[in-house]
Every structure is written in C-alpha cells, then in structure tokens.
>>> print(open('target_9.csv').read())   # CSV, C-alpha atoms
chain,number,residue,atom,x,y,z
F,1,MET,CA,26.7,24.6,-36.9
F,2,SER,CA,24.4,26.7,-39.2
F,3,LYS,CA,21.9,24.6,-41.2
F,4,LEU,CA,22.8,26.0,-44.6
F,5,LEU,CA,26.5,25.3,-43.8
F,6,THR,CA,25.7,21.7,-42.8
F,7,ASP,CA,23.7,21.2,-46.0
F,8,LEU,CA,26.5,22.6,-48.1
F,9,ILE,CA,29.1,20.3,-46.4
F,10,GLU,CA,26.7,17.3,-46.9
F,11,ALA,CA,26.1,18.3,-50.6
F,12,LEU,CA,29.8,18.6,-51.3
F,13,ARG,CA,30.3,15.0,-50.4
F,14,CYS,CA,28.7,14.0,-53.7
F,15,LEU,CA,32.0,14.8,-55.4
F,16,PRO,CA,34.2,11.8,-55.9
F,17,GLY,CA,37.2,11.7,-53.5
F,18,VAL,CA,35.6,14.2,-51.1
F,19,GLY,CA,34.9,13.0,-47.5
F,20,GLY,CA,33.6,14.9,-44.5
F,21,LYS,CA,36.8,16.6,-43.6
F,22,SER,CA,37.5,17.9,-47.1
F,23,ALA,CA,33.9,18.9,-47.6
F,24,GLN,CA,34.1,21.0,-44.5
F,25,ARG,CA,37.4,22.6,-45.6
F,26,MET,CA,35.9,23.4,-49.0
F,27,ALA,CA,32.7,25.0,-47.5
F,28,PHE,CA,34.7,27.2,-45.0
F,29,HIS,CA,37.2,28.2,-47.7
F,30,LEU,CA,34.4,29.4,-50.1
F,31,LEU,CA,32.5,31.2,-47.3
F,32,GLU,CA,35.6,32.9,-45.8
F,33,ARG,CA,37.4,33.8,-48.9
F,34,ASP,CA,35.7,33.2,-52.2
F,35,ARG,CA,32.0,33.7,-52.2
F,36,GLU,CA,32.0,35.1,-55.7
F,37,ARG,CA,33.7,32.0,-57.2
F,38,GLY,CA,31.4,29.9,-55.1
F,39,MET,CA,28.4,31.5,-56.8
F,40,ARG,CA,30.1,31.0,-60.2
F,41,LEU,CA,30.5,27.3,-59.3
F,42,ALA,CA,26.8,27.1,-58.4
F,43,HIS,CA,25.8,28.5,-61.7
F,44,ALA,CA,28.2,26.4,-63.7
F,45,LEU,CA,26.9,23.3,-62.0
F,46,GLU,CA,23.3,24.2,-62.6
F,47,GLU,CA,23.8,25.0,-66.2
F,48,ALA,CA,25.8,21.9,-66.9
F,49,MET,CA,23.5,19.5,-65.0
F,50,GLN,CA,20.4,20.9,-66.9
F,51,ARG,CA,21.7,21.6,-70.3
F,52,VAL,CA,24.5,19.1,-71.1
F,53,GLY,CA,22.9,16.2,-73.1
F,54,ASN,CA,24.4,13.8,-75.6
F,55,CYS,CA,25.4,14.4,-79.2
F,56,SER,CA,23.0,12.7,-81.6
F,57,ARG,CA,25.8,11.4,-83.8
F,58,CYS,CA,28.5,10.2,-81.3
F,59,ARG,CA,26.7,10.2,-78.0
F,60,ASN,CA,29.4,12.3,-76.3
F,61,PHE,CA,28.4,15.0,-73.8
F,62,SER,CA,27.2,18.1,-75.7
F,63,GLU,CA,24.9,21.0,-75.2
F,64,ASP,CA,24.2,21.2,-78.9
F,65,PRO,CA,22.4,18.5,-80.9
F,66,VAL,CA,25.7,17.7,-82.7
F,67,CYS,CA,29.0,18.1,-80.7
F,68,PRO,CA,31.9,20.2,-82.0
F,69,ILE,CA,34.0,17.2,-82.9
F,70,CYS,CA,31.2,15.7,-85.1
F,71,ALA,CA,30.4,19.1,-86.6
F,72,SER,CA,34.0,19.9,-87.4
F,73,SER,CA,35.0,19.8,-91.0
F,74,SER,CA,38.7,19.4,-90.2
F,75,ARG,CA,38.3,16.0,-88.6
F,76,ASP,CA,39.0,12.8,-90.6
F,77,LYS,CA,35.7,11.1,-91.2
F,78,GLN,CA,37.3,7.8,-92.3
F,79,VAL,CA,38.6,6.8,-88.9
F,80,LEU,CA,36.2,6.2,-86.0
F,81,CYS,CA,37.3,5.6,-82.4
F,82,VAL,CA,34.9,3.8,-80.1
F,83,VAL,CA,35.2,4.4,-76.4
F,84,GLU,CA,33.2,3.4,-73.4
F,85,SER,CA,32.6,6.9,-71.9
F,86,PRO,CA,33.2,10.6,-72.3
F,87,THR,CA,36.1,10.4,-69.8
F,88,GLU,CA,38.0,8.1,-72.1
F,89,LEU,CA,37.3,10.3,-75.1
F,90,ALA,CA,38.7,13.3,-73.2
F,91,ALA,CA,41.8,11.3,-72.2
F,92,ILE,CA,42.4,10.3,-75.9
F,93,GLU,CA,41.9,13.9,-77.1
F,94,GLN,CA,44.3,15.2,-74.5
F,95,ALA,CA,47.0,12.6,-75.0
F,96,THR,CA,47.1,11.7,-78.6
F,97,GLY,CA,47.0,13.6,-81.9
F,98,PHE,CA,44.0,11.6,-83.1
F,99,ARG,CA,42.1,13.7,-85.7
F,100,GLY,CA,39.3,11.3,-86.5
F,101,GLN,CA,35.8,11.0,-85.0
F,102,TYR,CA,34.4,9.2,-82.0
F,103,PHE,CA,31.5,7.0,-80.9
F,104,VAL,CA,30.7,6.8,-77.2
F,105,LEU,CA,29.0,3.6,-76.0
F,106,LEU,CA,28.1,5.1,-72.6
F,107,GLY,CA,28.7,1.8,-71.0
F,108,ARG,CA,29.9,-1.7,-72.0
F,109,LEU,CA,28.1,-4.9,-72.9
F,110,SER,CA,26.9,-6.3,-69.5
F,111,PRO,CA,23.8,-8.4,-69.9
F,112,LEU,CA,23.5,-8.8,-66.1
F,113,ASP,CA,23.2,-5.0,-65.7
F,114,GLY,CA,20.7,-4.9,-68.6
F,115,LEU,CA,23.2,-3.3,-70.9
F,116,GLY,CA,22.8,-4.9,-74.3
F,117,PRO,CA,23.6,-3.7,-77.9
F,118,GLU,CA,20.5,-1.4,-77.9
F,119,GLU,CA,21.5,0.5,-74.7
F,120,LEU,CA,25.0,1.1,-76.1
F,121,GLY,CA,23.5,2.6,-79.3
F,122,LEU,CA,25.0,-0.1,-81.5
F,123,ASP,CA,22.2,0.4,-84.0
F,124,LEU,CA,23.4,4.0,-84.5
F,125,LEU,CA,27.0,2.7,-84.8
F,126,ALA,CA,26.0,0.0,-87.3
F,127,GLU,CA,24.3,2.7,-89.4
F,128,ARG,CA,27.4,4.9,-89.4
F,129,LEU,CA,29.6,1.9,-90.3
F,130,GLY,CA,27.2,1.0,-93.1
F,131,SER,CA,27.4,4.5,-94.7
F,132,GLY,CA,30.6,3.5,-96.5
F,133,GLU,CA,32.5,6.6,-95.3
F,134,ILE,CA,34.5,4.8,-92.5
F,135,GLU,CA,37.6,2.8,-93.3
F,136,GLU,CA,39.0,2.0,-89.9
F,137,MET,CA,37.3,1.6,-86.5
F,138,ILE,CA,39.7,1.9,-83.5
F,139,ILE,CA,38.2,0.0,-80.6
F,140,ALA,CA,39.4,1.7,-77.4
F,141,THR,CA,37.2,0.0,-74.8
F,142,ASN,CA,38.9,-0.6,-71.4
F,143,PRO,CA,41.1,-3.7,-71.0
F,144,THR,CA,38.6,-5.3,-68.5
F,145,VAL,CA,36.7,-8.6,-69.0
F,146,GLU,CA,33.5,-6.7,-70.1
F,147,GLY,CA,35.5,-4.2,-72.2
F,148,GLU,CA,37.2,-7.1,-74.0
F,149,ALA,CA,33.9,-8.8,-74.7
F,150,THR,CA,32.5,-5.5,-76.0
F,151,ALA,CA,35.6,-5.2,-78.2
F,152,HIS,CA,35.0,-8.6,-79.6
F,153,TYR,CA,31.4,-7.8,-80.5
F,154,LEU,CA,32.4,-4.5,-82.0
F,155,ALA,CA,35.1,-6.1,-84.2
F,156,GLN,CA,32.4,-8.5,-85.6
F,157,LEU,CA,30.1,-5.5,-86.3
F,158,ALA,CA,32.9,-3.7,-88.2
F,159,ARG,CA,33.9,-6.7,-90.3
F,160,ALA,CA,30.3,-7.3,-91.2
F,161,ALA,CA,30.2,-3.7,-92.6
F,162,GLY,CA,33.5,-4.1,-94.4
F,163,VAL,CA,35.3,-1.8,-92.0
F,164,LYS,CA,38.8,-2.7,-90.7
F,165,PRO,CA,38.7,-3.0,-86.9
F,166,SER,CA,41.8,-2.2,-84.8
F,167,ARG,CA,42.6,-2.2,-81.1
F,168,LEU,CA,45.0,-0.2,-78.9
F,169,ALA,CA,48.4,-1.9,-78.3
F,170,HIS,CA,48.9,-3.6,-75.0
F,171,GLY,CA,52.3,-3.6,-73.3
F,172,VAL,CA,54.6,-2.2,-70.8
F,173,PRO,CA,53.7,1.4,-69.8
F,174,LEU,CA,56.3,4.1,-70.7
F,175,GLY,CA,58.4,5.2,-67.8
F,176,GLY,CA,57.5,2.2,-65.7
F,177,GLU,CA,59.9,-0.3,-64.3
F,178,LEU,CA,59.5,-3.9,-65.4
F,179,GLU,CA,59.6,-5.0,-61.8
F,180,PHE,CA,56.3,-3.3,-61.1
F,181,VAL,CA,54.4,-4.2,-64.2
F,182,ASP,CA,51.7,-6.8,-63.5
F,183,ARG,CA,52.3,-10.3,-64.7
F,184,SER,CA,49.7,-10.5,-67.4
F,185,THR,CA,50.8,-7.2,-69.0
F,186,LEU,CA,54.4,-8.4,-68.9
F,187,ALA,CA,53.5,-11.8,-70.4
F,188,HIS,CA,51.6,-10.0,-73.2
F,189,ALA,CA,54.3,-7.5,-73.9
F,190,PHE,CA,56.8,-10.4,-74.0
F,191,GLY,CA,54.7,-12.3,-76.4
F,192,SER,CA,54.1,-9.3,-78.7
F,193,ARG,CA,57.7,-8.2,-78.8
F,194,GLN,CA,58.7,-6.3,-81.8
F,195,THR,CA,61.8,-6.5,-84.0
F,196,VAL,CA,64.2,-3.6,-83.6
F,197,ARG,CA,65.1,-2.1,-86.9
W,1,MET,CA,34.9,19.7,-75.2
W,2,SER,CA,31.5,21.2,-74.7
W,3,LYS,CA,31.7,24.8,-73.4
W,4,LEU,CA,29.4,24.2,-70.4
W,5,LEU,CA,31.6,21.3,-69.4
W,6,THR,CA,34.8,23.3,-69.7
W,7,ASP,CA,33.2,26.1,-67.6
W,8,LEU,CA,32.2,23.6,-65.0
W,9,ILE,CA,35.7,22.1,-64.8
W,10,GLU,CA,37.2,25.5,-64.5
W,11,ALA,CA,34.7,26.5,-61.8
W,12,LEU,CA,35.4,23.4,-59.8
W,13,ARG,CA,39.0,24.4,-59.5
W,14,CYS,CA,38.0,27.1,-57.0
W,15,LEU,CA,37.7,24.3,-54.4
W,16,PRO,CA,40.8,24.0,-52.3
W,17,GLY,CA,42.9,20.9,-53.2
W,18,VAL,CA,41.2,20.5,-56.5
W,19,GLY,CA,43.4,20.7,-59.6
W,20,GLY,CA,42.6,20.2,-63.3
W,21,LYS,CA,42.5,16.4,-63.2
W,22,SER,CA,40.3,16.1,-60.2
W,23,ALA,CA,38.0,18.8,-61.5
W,24,GLN,CA,37.5,16.9,-64.7
W,25,ARG,CA,36.9,13.7,-62.8
W,26,MET,CA,34.3,15.4,-60.6
W,27,ALA,CA,32.5,17.0,-63.6
W,28,PHE,CA,32.3,13.7,-65.5
W,29,HIS,CA,31.2,11.8,-62.4
W,30,LEU,CA,28.3,14.2,-61.8
W,31,LEU,CA,27.2,14.3,-65.4
W,32,GLU,CA,27.4,10.5,-65.9
W,33,ARG,CA,26.0,9.3,-62.7
W,34,ASP,CA,24.7,11.9,-60.3
W,35,ARG,CA,22.9,14.9,-62.0
W,36,GLU,CA,20.4,15.1,-59.2
W,37,ARG,CA,23.0,15.4,-56.5
W,38,GLY,CA,24.9,17.8,-58.7
W,39,MET,CA,21.7,20.0,-58.8
W,40,ARG,CA,21.4,19.7,-55.1
W,41,LEU,CA,25.0,20.9,-54.7
W,42,ALA,CA,24.3,23.9,-56.9
W,43,HIS,CA,21.4,24.9,-54.8
W,44,ALA,CA,23.2,24.3,-51.5
W,45,LEU,CA,26.1,26.5,-52.8
W,46,GLU,CA,23.9,29.3,-53.9
W,47,GLU,CA,21.9,29.3,-50.7
W,48,ALA,CA,25.0,29.3,-48.5
W,49,MET,CA,27.0,31.9,-50.5
W,50,GLN,CA,24.0,34.3,-50.5
W,51,ARG,CA,22.5,33.7,-47.1
W,52,VAL,CA,25.2,32.8,-44.6
W,53,GLY,CA,26.3,35.9,-42.8
W,54,ASN,CA,27.9,36.4,-39.4
W,55,CYS,CA,26.3,36.1,-35.9
W,56,SER,CA,25.9,39.6,-34.4
W,57,ARG,CA,27.2,38.4,-31.0
W,58,CYS,CA,30.1,36.0,-31.8
W,59,ARG,CA,30.8,36.7,-35.5
W,60,ASN,CA,30.6,33.0,-36.4
W,61,PHE,CA,28.9,32.0,-39.6
W,62,SER,CA,25.2,32.1,-39.2
W,63,GLU,CA,22.1,32.5,-41.4
W,64,ASP,CA,20.2,34.0,-38.4
W,65,PRO,CA,21.1,37.3,-36.7
W,66,VAL,CA,22.1,35.3,-33.6
W,67,CYS,CA,23.7,31.8,-34.1
W,68,PRO,CA,22.4,28.7,-32.4
W,69,ILE,CA,25.3,28.6,-29.9
W,70,CYS,CA,24.8,32.2,-28.8
W,71,ALA,CA,21.0,31.6,-28.7
W,72,SER,CA,21.2,28.4,-26.7
W,73,SER,CA,20.2,28.6,-23.1
W,74,SER,CA,22.1,25.4,-22.2
W,75,ARG,CA,25.5,26.9,-22.9
W,76,ASP,CA,27.6,28.3,-20.1
W,77,LYS,CA,27.8,32.1,-20.4
W,78,GLN,CA,30.6,32.4,-17.9
W,79,VAL,CA,33.3,30.9,-20.2
W,80,LEU,CA,34.1,32.5,-23.5
W,81,CYS,CA,36.5,30.9,-26.0
W,82,VAL,CA,38.1,33.2,-28.6
W,83,VAL,CA,39.2,31.7,-31.9
W,84,GLU,CA,40.6,33.1,-35.2
W,85,SER,CA,38.1,31.6,-37.6
W,86,PRO,CA,34.9,29.5,-37.9
W,87,THR,CA,37.1,26.6,-38.9
W,88,GLU,CA,38.8,26.5,-35.5
W,89,LEU,CA,35.4,26.9,-33.8
W,90,ALA,CA,34.2,23.8,-35.6
W,91,ALA,CA,37.3,21.9,-34.7
W,92,ILE,CA,36.9,22.7,-31.0
W,93,GLU,CA,33.2,21.9,-31.1
W,94,GLN,CA,33.9,18.5,-32.7
W,95,ALA,CA,36.9,17.5,-30.5
W,96,THR,CA,36.1,18.9,-27.0
W,97,GLY,CA,33.2,18.9,-24.6
W,98,PHE,CA,33.3,22.7,-24.3
W,99,ARG,CA,29.9,24.0,-23.3
W,100,GLY,CA,30.7,27.7,-23.1
W,101,GLN,CA,30.3,30.4,-25.8
W,102,TYR,CA,32.6,31.7,-28.5
W,103,PHE,CA,33.9,34.8,-30.1
W,104,VAL,CA,35.3,34.6,-33.6
W,105,LEU,CA,38.0,37.2,-34.6
W,106,LEU,CA,37.7,36.5,-38.4
W,107,GLY,CA,41.5,37.1,-38.6
W,108,ARG,CA,44.4,37.9,-36.3
W,109,LEU,CA,46.2,41.1,-35.5
W,110,SER,CA,48.3,41.9,-38.5
W,111,PRO,CA,48.9,45.7,-39.0
W,112,LEU,CA,50.7,45.1,-42.3
W,113,ASP,CA,47.5,43.6,-43.8
W,114,GLY,CA,45.4,46.3,-42.3
W,115,LEU,CA,43.9,44.1,-39.6
W,116,GLY,CA,43.7,46.0,-36.4
W,117,PRO,CA,41.5,45.7,-33.2
W,118,GLU,CA,38.6,47.3,-35.1
W,119,GLU,CA,38.6,44.7,-37.9
W,120,LEU,CA,38.7,41.9,-35.4
W,121,GLY,CA,35.6,43.2,-33.6
W,122,LEU,CA,37.5,43.8,-30.4
W,123,ASP,CA,35.2,46.6,-29.4
W,124,LEU,CA,32.3,44.1,-29.5
W,125,LEU,CA,34.5,41.7,-27.5
W,126,ALA,CA,35.4,44.4,-24.9
W,127,GLU,CA,31.7,45.1,-24.5
W,128,ARG,CA,31.0,41.5,-23.8
W,129,LEU,CA,33.9,41.3,-21.3
W,130,GLY,CA,32.6,44.4,-19.6
W,131,SER,CA,29.1,43.0,-19.1
W,132,GLY,CA,30.3,41.2,-15.9
W,133,GLU,CA,28.8,37.9,-17.0
W,134,ILE,CA,32.1,36.3,-18.2
W,135,GLU,CA,34.6,34.8,-15.7
W,136,GLU,CA,37.1,33.1,-17.9
W,137,MET,CA,38.3,33.8,-21.4
W,138,ILE,CA,40.0,30.9,-23.2
W,139,ILE,CA,42.3,32.3,-25.9
W,140,ALA,CA,42.5,29.7,-28.6
W,141,THR,CA,44.3,31.6,-31.4
W,142,ASN,CA,46.8,29.6,-33.5
W,143,PRO,CA,50.3,29.1,-32.2
W,144,THR,CA,51.9,31.3,-34.9
W,145,VAL,CA,53.7,34.6,-34.5
W,146,GLU,CA,50.7,36.6,-35.3
W,147,GLY,CA,48.4,34.3,-33.3
W,148,GLU,CA,50.7,34.7,-30.2
W,149,ALA,CA,50.7,38.5,-30.6
W,150,THR,CA,46.9,38.5,-30.8
W,151,ALA,CA,46.8,36.3,-27.7
W,152,HIS,CA,48.9,38.7,-25.8
W,153,TYR,CA,46.7,41.6,-26.7
W,154,LEU,CA,43.6,39.6,-25.9
W,155,ALA,CA,44.9,38.7,-22.4
W,156,GLN,CA,45.5,42.4,-21.6
W,157,LEU,CA,41.9,43.1,-22.7
W,158,ALA,CA,40.6,40.4,-20.4
W,159,ARG,CA,42.6,41.5,-17.4
W,160,ALA,CA,41.5,45.1,-17.9
W,161,ALA,CA,37.9,43.9,-17.6
W,162,GLY,CA,38.6,41.7,-14.6
W,163,VAL,CA,38.2,38.5,-16.6
W,164,LYS,CA,40.7,35.6,-16.1
W,165,PRO,CA,42.5,34.9,-19.4
W,166,SER,CA,43.7,31.3,-20.2
W,167,ARG,CA,45.5,29.7,-23.1
W,168,LEU,CA,45.4,26.2,-24.6
W,169,ALA,CA,48.2,24.0,-23.3
W,170,HIS,CA,51.3,23.4,-25.5
W,171,GLY,CA,53.1,20.1,-25.5
W,172,VAL,CA,53.7,16.8,-27.2
W,173,PRO,CA,50.7,15.7,-29.3
W,174,LEU,CA,48.9,12.5,-28.2
W,175,GLY,CA,49.8,9.4,-30.2
W,176,GLY,CA,52.9,11.0,-31.6
W,177,GLU,CA,56.5,9.8,-31.2
W,178,LEU,CA,59.0,12.1,-29.5
W,179,GLU,CA,61.4,11.5,-32.3
W,180,PHE,CA,59.1,13.3,-34.7
W,181,VAL,CA,58.0,16.2,-32.5
W,182,ASP,CA,59.6,19.5,-33.6
W,183,ARG,CA,62.3,21.0,-31.4
W,184,SER,CA,60.5,24.0,-30.0
W,185,THR,CA,57.4,21.9,-29.0
W,186,LEU,CA,59.6,19.4,-27.3
W,187,ALA,CA,61.6,22.0,-25.5
W,188,HIS,CA,58.3,23.6,-24.3
W,189,ALA,CA,56.8,20.3,-23.2
W,190,PHE,CA,60.0,19.5,-21.3
W,191,GLY,CA,60.0,22.9,-19.6
W,192,SER,CA,56.3,22.6,-18.6
W,193,ARG,CA,56.6,19.0,-17.4
W,194,GLN,CA,54.0,18.1,-14.8
W,195,THR,CA,54.4,16.1,-11.6
W,196,VAL,CA,52.8,12.7,-11.8
W,197,ARG,CA,50.5,12.1,-8.8
>>> encode(input="target_9.csv", output="structure tokens")
Amino acid sequence: MSKLLTDLIEALRCLPGVGGKSAQRMAFHLLERDRERGMRLAHALEEAMQRVGNCSRCRNFSEDPVCPICASSSRDKQVLCVVESPTELAAIEQATGFRGQYFVLLGRLSPLDGLGPEELGLDLLAERLGSGEIEEMIIATNPTVEGEATAHYLAQLARAAGVKPSRLAHGVPLGGELEFVDRSTLAHAFGSRQTVR
Amino acid sequence: MSKLLTDLIEALRCLPGVGGKSAQRMAFHLLERDRERGMRLAHALEEAMQRVGNCSRCRNFSEDPVCPICASSSRDKQVLCVVESPTELAAIEQATGFRGQYFVLLGRLSPLDGLGPEELGLDLLAERLGSGEIEEMIIATNPTVEGEATAHYLAQLARAAGVKPSRLAHGVPLGGELEFVDRSTLAHAFGSRQTVR
C-alpha cells in the first residue's frame, strides 16, 4: 500500500475508538469521495491543536485570553460551577439551563500522579471565591473516589471564603429500570428519598 | 464553545461512522491529551489528500506514477485481478496470498450514473489484455446487480483478447451457520456442491 496512505491510516488511529479497520475505512472514504472535506479537517485540526489554549479566568478551552462564557455579560456571576474537564463543562452546557459561570480544574486531586491544589489552579479559584461576588459554588466533579476527595476539598475552600458549596444530586437515572441500577446508587437513592407533595 | 473547537467537531463529522457525540469526544481527547498526534494527523491528512493520485497502470491509489505492486518484479504478471475499488484491493491483499497484479475500475458499469467503459478505464484494461502477457483475469467485482453486469462485460473483454476469465467462488461463508446464510447464497452453494474426495 502507498506510504502516504499507510501513514494516514496509522495517524487516524490516534482518535479514540478508532482501530485499524475503521482507520482504513476512513482513509479510503476520504480519498475516494471527499478530498475537499479531508483537507478541511486537516486545517481544522492544525488550527485547533496550535491555537486553542485555556481561558485565563476559568481554564476552559479557548482561543481567546478570556472565553465567551467568562466574557458574557448575560451570565450570572453569583453562581460558579466547578468541573474536572472541558468535556463535563460541555455536557452541562448542553443538558442543563445553567446560566452561571464555570471553573475547570483540568484534573482532580491525585497526589500519586503529582496533581495537587496548585496543578488544579485552586489558587486562582480561591481568588475568585474571595472576591465576594460568588454566592454559591456547585461542585460537579465526577462521582469517583478521586472526584469525591476533590469535592470535599473544594467544599472546605468554599466555606472558608463564605461561599455556599453544593453538589449534584445522586440517585436513580431517569428512564432507567431499578433492576439495572448499581447497588450503591440504589442504596443512596433509597436513603435520600424525598417526600412526595 | 470556542469557534475553533466547534469547527474541529464539525470537520470530524466528515469521517464515516462519526456523529456529533463521537466527534466531540475525539476533539476533546486530542486537545486534552494528544496535541502532538493531532498535529501529526493533520499533516498526514494534508499530504494524503494532496499527493495521493492513481497508478497509471492499475489505477490503484499511489503517490508515484506507478504503484509498488505494478513496479514490483516479484509479482506474477500472468494473472490480473480486477476489482471495483482500492478498498477491495486492500482486502484481497490482506486476506489472500495472491501474488499477481491488479486493475482497479474505480466504480462499476452504471449507465444511469454516467459510468461507462471509458470512466472505468476499460480501454487501458483492453490494452493490457492485448499485450499477450496475461493468461488469466480474475474478476473480483462485488456480488451486486451492477457488479455482476460489470463482471459479464469484463469476461467478454477477456475472451475477445484470448485471456481466460475467472470469478470468485460463491458459497457459504466459513465459520457461519447455515441457518443464518441468506437464501440465494444457500441455493447457490447447494447447486455448486463439490464432490468430497
């Protein structure tokens, strides 16, 4: 097979979920049918890889020094939602009607991996909490062991600054069947049952 | 979301089998973890889209005027395998021990789509058949209506040039269960049953 083609197939495998077979199918598809869009993808990749940095206020991905959400005058500056990564920020933006601002940790507390408060930008976060503008901090770290530990630390940070910390509710997912919900989620949902009014 | 990021997600959707969700996951993955490989993919794409053309002998993808298979002195020049597209050529190369040469139609006879003998390079094929070097032409078009019509046409072309045409065997796939083989394949396999020696 042509060397450039082999190189392309190999390079496509850097995409998550793409193995040898799919990479080959993608390469042939682009070459046979869609070279123009292939070129557009090459340019979009290059631009994004080189120019997307992090917002200086919230640490989310941004090509400008301050991202559109932080720069927006229509977002509520009194509520701050803290997430682990830009992926979770995007999920919350797409699913909820949240109109406050964000802070992205770009990781979670994990001393073994060398991720401490400094790497997560917690000095920057403490500064924002200390500004007196923020009333509530929604802690939306992932429900993993490290995420929970990070949440605990963040809650202390908020309280120290006189800001009310809150967490996402745990419970049975909508549309799921109880039979397939894992034990600990079910136990938690049972314990935190709510009175029907 | 950042404009460059939105552009990248949109551009990734040109890949077959990649929808909005996967495109977003791919973009975030590259930005968060693998910018270097993202850049490498951008370059591989650009190079391939711009420089991969077609071999002047067999019409397979190639960045050189003559592809490695046509240029190889160790391939058998007496057997020529005709396929519809480079994808099928790659499949045959990977699965079989075929050591002959190829001819790629880059399509199949389809008058309604404006694909006639000229578009499929059949003049080039006739020229090769007429050279007297080829003894057998293996017709490996797809087993579709148009593929079969193309195969029929190709067989005539071969016979006219005194070359023996052959086709891939049809039958029950290996490892399959008879119960799940489609009717026409089963009927064909039944009719073409072979004596066990």
>>> interface_residues(input="target_9.csv", of="chain F", to="chain W", cutoff="9 Å", atoms="only C-alpha atoms", output="MDAnalysis selection string")
chainID F and resid 1:5 7:12 14:17 22 24:32 34:52 61:64 67:69 85:87 90 106
>>> residues_around(input="target_9.csv", residues="Ser110 in chain W", least_positions_apart="2", cutoff="12 Å", atoms="all atoms listed in the file", output="PyMOL selection string")
chain W and resi 105-108+112-120+144-150+153
>>> atom_distance(input="target_9.csv", atom1="CA of Phe103 in chain W", atom2="CA of Leu157 in chain W")
13.7 Å
>>> closest_residue(input="target_9.csv", among="F:Ser184, F:Gln101, F:Thr141, F:Ser56", to="Glu84 in chain F", atoms="all atoms listed in the file")
F:Thr141
>>> atom_distance(input="target_9.csv", atom1="CA of Ser166 in chain W", atom2="CA of Val196 in chain W")
22.3 Å
>>> atom_distance(input="target_9.csv", atom1="CA of Pro173 in chain W", atom2="CA of Lys21 in chain F")
20.0 Å
>>> closest_residue(input="target_9.csv", among="F:Ala140, F:Leu178, F:Ala126, F:Val83", to="Ala161 in chain F", atoms="only C-alpha atoms")
F:Ala126
>>> closest_residue(input="target_9.csv", among="W:Ala71, W:Val104, W:Ala95, W:Asn142", to="Leu122 in chain W", atoms="all atoms listed in the file")
W:Val104
>>> residues_around(input="target_9.csv", residues="range 127-134 of chain W", least_positions_apart="4", cutoff="7 Å", atoms="only C-alpha atoms", output="JSON, numbers by chain")
{"W": [77, 78, 79, 80, 123, 158, 161, 163]}
>>> residues_around(input="target_9.csv", residues="Cys70 in chain F", least_positions_apart="4", cutoff="9 Å", atoms="only C-alpha atoms", output="list in words")
Cys55, Arg57, Cys58, Val66, Arg75, Lys77, Gln101 and Tyr102 of chain F
>>> build_atoms(input="target_9.csv", residues="range 88-94 of chain W", atoms="all heavy atoms", output="PDB file, keeping the file's coordinate frame")
ATOM      1  N   GLU W  88      38.285  26.942 -36.813  1.00  0.00           N
ATOM      2  CA  GLU W  88      38.800  26.500 -35.500  1.00  0.00           C
ATOM      3  C   GLU W  88      37.659  26.300 -34.516  1.00  0.00           C
ATOM      4  O   GLU W  88      37.716  25.396 -33.689  1.00  0.00           O
ATOM      5  CB  GLU W  88      39.770  27.581 -34.960  1.00  0.00           C
ATOM      6  CG  GLU W  88      41.153  27.444 -35.554  1.00  0.00           C
ATOM      7  CD  GLU W  88      41.473  28.531 -36.559  1.00  0.00           C
ATOM      8  OE1 GLU W  88      41.135  29.691 -36.297  1.00  0.00           O
ATOM      9  OE2 GLU W  88      42.076  28.216 -37.606  1.00  0.00           O
ATOM     10  N   LEU W  89      36.615  27.127 -34.628  1.00  0.00           N
ATOM     11  CA  LEU W  89      35.400  26.900 -33.800  1.00  0.00           C
ATOM     12  C   LEU W  89      34.876  25.524 -34.011  1.00  0.00           C
ATOM     13  O   LEU W  89      34.607  24.770 -33.067  1.00  0.00           O
ATOM     14  CB  LEU W  89      34.393  27.998 -34.079  1.00  0.00           C
ATOM     15  CG  LEU W  89      33.196  28.082 -33.140  1.00  0.00           C
ATOM     16  CD1 LEU W  89      32.573  29.481 -33.205  1.00  0.00           C
ATOM     17  CD2 LEU W  89      32.129  27.068 -33.466  1.00  0.00           C
ATOM     18  N   ALA W  90      34.736  25.159 -35.284  1.00  0.00           N
ATOM     19  CA  ALA W  90      34.200  23.800 -35.600  1.00  0.00           C
ATOM     20  C   ALA W  90      35.076  22.732 -35.067  1.00  0.00           C
ATOM     21  O   ALA W  90      34.587  21.726 -34.542  1.00  0.00           O
ATOM     22  CB  ALA W  90      34.041  23.712 -37.136  1.00  0.00           C
ATOM     23  N   ALA W  91      36.411  22.920 -35.168  1.00  0.00           N
ATOM     24  CA  ALA W  91      37.300  21.900 -34.700  1.00  0.00           C
ATOM     25  C   ALA W  91      37.167  21.711 -33.164  1.00  0.00           C
ATOM     26  O   ALA W  91      37.130  20.580 -32.668  1.00  0.00           O
ATOM     27  CB  ALA W  91      38.772  22.288 -35.009  1.00  0.00           C
ATOM     28  N   ILE W  92      37.045  22.814 -32.432  1.00  0.00           N
ATOM     29  CA  ILE W  92      36.900  22.700 -31.000  1.00  0.00           C
ATOM     30  C   ILE W  92      35.556  22.098 -30.608  1.00  0.00           C
ATOM     31  O   ILE W  92      35.479  21.224 -29.739  1.00  0.00           O
ATOM     32  CB  ILE W  92      37.045  24.131 -30.330  1.00  0.00           C
ATOM     33  CG1 ILE W  92      38.496  24.615 -30.497  1.00  0.00           C
ATOM     34  CG2 ILE W  92      36.672  24.102 -28.845  1.00  0.00           C
ATOM     35  CD1 ILE W  92      38.736  26.020 -30.007  1.00  0.00           C
ATOM     36  N   GLU W  93      34.494  22.493 -31.326  1.00  0.00           N
ATOM     37  CA  GLU W  93      33.200  21.900 -31.100  1.00  0.00           C
ATOM     38  C   GLU W  93      33.193  20.390 -31.275  1.00  0.00           C
ATOM     39  O   GLU W  93      32.581  19.637 -30.524  1.00  0.00           O
ATOM     40  CB  GLU W  93      32.113  22.514 -32.001  1.00  0.00           C
ATOM     41  CG  GLU W  93      31.521  23.812 -31.532  1.00  0.00           C
ATOM     42  CD  GLU W  93      30.662  23.658 -30.277  1.00  0.00           C
ATOM     43  OE1 GLU W  93      29.568  23.099 -30.382  1.00  0.00           O
ATOM     44  OE2 GLU W  93      31.099  24.097 -29.191  1.00  0.00           O
ATOM     45  N   GLN W  94      33.908  19.953 -32.341  1.00  0.00           N
ATOM     46  CA  GLN W  94      33.900  18.500 -32.700  1.00  0.00           C
ATOM     47  C   GLN W  94      34.809  17.716 -31.745  1.00  0.00           C
ATOM     48  O   GLN W  94      34.533  16.540 -31.480  1.00  0.00           O
ATOM     49  CB  GLN W  94      34.325  18.327 -34.135  1.00  0.00           C
ATOM     50  CG  GLN W  94      33.183  18.669 -35.097  1.00  0.00           C
ATOM     51  CD  GLN W  94      33.652  18.973 -36.511  1.00  0.00           C
ATOM     52  OE1 GLN W  94      34.770  18.652 -36.890  1.00  0.00           O
ATOM     53  NE2 GLN W  94      32.797  19.595 -37.299  1.00  0.00           N
TER      54      GLN W  94
END
